[in-house]
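Colleague: Structure in structure tokens, see below.
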Amino acid sequence: MKRTSPMSIAEIVDKVIKSNNLEEGMLSHRAMTVWSEVVGPVINRHTVERRVYRGVLYVRINSAPVRQELSMQRNLLLDALNKALGRQVLNDIKFM
């Protein structure tokens, strides 16, 4: 094996993620974690469950009025989440 210039750990991890096609899964997981950053602590307290499946973020909310308000803000939330992720990861948000 030929030696090359040293790589940082971050570069190695990025290379492994990309070579094993794990990038989409990592970004989907990151989408669930940035939810609390985007909506803030008050809304996050009403969030019971989050999951991503095929580009759709499913969020279970324990308050009907909060769920209704979030439904009306769906497009703004979707844009904010994708912006926080750095690229278009989510196509839709479904509130349950």
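Residue numbering restarts at 1 in every chain; chains get A, B, ... in the order shown in the structure tokens, and ligands count up from 1 in that same order.
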Per residue of range 13-52 of chain A within 7 Å of range 73-95 of chain A, which atom pair is closest and at what distance in Å (one decimal), using only C-alpha atoms, listed by chain and increasing number, as a tab-separated table?
Modeller:
```
residue	atom	partner	partner_atom	distance
A:Leu27	CA	A:Val89	CA	6.9
A:Ala31	CA	A:Leu85	CA	6.8
A:Val34	CA	A:Leu81	CA	7.0
A:Trp35	CA	A:Leu81	CA	7.0
A:Val38	CA	A:Leu81	CA	6.6
```
Colleague: Using the selection just defined, write its residues with C-alpha atoms as a PDB file, in the first residue's frame.
Modeller:
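Once everything was written out, this is result_34.pdb:
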```pdb
ATOM      1  CA  LEU A  27     -28.384  13.177   7.218  1.00  0.00           C
ATOM      2  CA  ALA A  31     -32.687  15.834  10.603  1.00  0.00           C
ATOM      3  CA  VAL A  34     -31.926  19.492  14.422  1.00  0.00           C
ATOM      4  CA  TRP A  35     -35.702  19.476  14.964  1.00  0.00           C
ATOM      5  CA  VAL A  38     -35.234  24.693  14.708  1.00  0.00           C
TER       6      VAL A  38
END
```
Colleague: Using the chain letters and numbers from this document, which residues of range 16-81 of chain A does DSSP assign to alpha helix (DSSP H), as a PyMOL selection string?
Modeller: chain A and resi 16-19+23-45+64-72+74-81
Colleague: Selected residues, C-alpha atoms, written as a PDB file, in the first residue's frame, please.
Modeller:
```pdb
ATOM      1  CA  VAL A  16     -15.745   5.999   4.940  1.00  0.00           C
ATOM      2  CA  ILE A  17     -19.282   7.427   5.107  1.00  0.00           C
ATOM      3  CA  LYS A  18     -19.262   8.363   1.423  1.00  0.00           C
ATOM      4  CA  SER A  19     -17.653   5.132   0.229  1.00  0.00           C
ATOM      5  CA  GLU A  23     -24.488   9.796   3.878  1.00  0.00           C
ATOM      6  CA  GLU A  24     -28.277   9.786   3.403  1.00  0.00           C
ATOM      7  CA  GLY A  25     -28.813   7.793   6.601  1.00  0.00           C
ATOM      8  CA  MET A  26     -26.566  10.125   8.553  1.00  0.00           C
ATOM      9  CA  LEU A  27     -28.384  13.177   7.218  1.00  0.00           C
ATOM     10  CA  SER A  28     -31.767  11.621   8.045  1.00  0.00           C
ATOM     11  CA  HIS A  29     -30.619  11.007  11.589  1.00  0.00           C
ATOM     12  CA  ARG A  30     -29.273  14.554  11.777  1.00  0.00           C
ATOM     13  CA  ALA A  31     -32.687  15.834  10.603  1.00  0.00           C
ATOM     14  CA  MET A  32     -34.270  14.364  13.710  1.00  0.00           C
ATOM     15  CA  THR A  33     -31.695  16.005  15.972  1.00  0.00           C
ATOM     16  CA  VAL A  34     -31.926  19.492  14.422  1.00  0.00           C
ATOM     17  CA  TRP A  35     -35.702  19.476  14.964  1.00  0.00           C
ATOM     18  CA  SER A  36     -35.271  20.703  18.545  1.00  0.00           C
ATOM     19  CA  GLU A  37     -32.863  23.443  17.415  1.00  0.00           C
ATOM     20  CA  VAL A  38     -35.234  24.693  14.708  1.00  0.00           C
ATOM     21  CA  VAL A  39     -38.496  24.668  16.685  1.00  0.00           C
ATOM     22  CA  GLY A  40     -37.081  25.674  20.078  1.00  0.00           C
ATOM     23  CA  PRO A  41     -37.645  24.289  23.572  1.00  0.00           C
ATOM     24  CA  VAL A  42     -41.360  25.154  23.929  1.00  0.00           C
ATOM     25  CA  ILE A  43     -42.461  23.234  20.828  1.00  0.00           C
ATOM     26  CA  ASN A  44     -39.908  20.501  21.471  1.00  0.00           C
ATOM     27  CA  ARG A  45     -41.593  19.785  24.828  1.00  0.00           C
ATOM     28  CA  ALA A  64     -53.732  19.316  19.047  1.00  0.00           C
ATOM     29  CA  PRO A  65     -53.412  23.144  18.974  1.00  0.00           C
ATOM     30  CA  VAL A  66     -49.611  22.924  18.632  1.00  0.00           C
ATOM     31  CA  ARG A  67     -49.973  20.265  15.923  1.00  0.00           C
ATOM     32  CA  GLN A  68     -52.399  22.524  14.015  1.00  0.00           C
ATOM     33  CA  GLU A  69     -50.078  25.526  14.296  1.00  0.00           C
ATOM     34  CA  LEU A  70     -47.111  23.481  13.080  1.00  0.00           C
ATOM     35  CA  SER A  71     -49.170  22.191  10.152  1.00  0.00           C
ATOM     36  CA  MET A  72     -49.792  25.768   9.053  1.00  0.00           C
ATOM     37  CA  ARG A  74     -45.021  23.283   7.479  1.00  0.00           C
ATOM     38  CA  ASN A  75     -43.257  24.959   4.542  1.00  0.00           C
ATOM     39  CA  LEU A  76     -41.310  27.357   6.765  1.00  0.00           C
ATOM     40  CA  LEU A  77     -40.238  24.494   9.022  1.00  0.00           C
ATOM     41  CA  LEU A  78     -39.226  22.362   6.050  1.00  0.00           C
ATOM     42  CA  ASP A  79     -37.071  25.178   4.655  1.00  0.00           C
ATOM     43  CA  ALA A  80     -35.491  25.849   8.056  1.00  0.00           C
ATOM     44  CA  LEU A  81     -34.695  22.172   8.627  1.00  0.00           C
TER      45      LEU A  81
END
```
Colleague: Within chain A, find each residue whose DSSP state, derived from the backbone, is strand (DSSP E), and express the selection as a VMD selection string.
Modeller: chain A and resid 47 to 53 56 to 61 92 to 95
Colleague: Neighbours of Met96 in chain A within 9 Å (only C-alpha atoms; same-chain residues fewer than 6 positions away dropped), as a PyMOL selection string?
Modeller: chain A and resi 58-62+67
Colleague: Would you mind reading off the distance between CA of His46 in chain A and CA of Ser63 in chain A, one decimal, in Å?
Modeller: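 Calculated distance between CA of His46 in chain A and CA of Ser63 in chain A is 6.5 Å.
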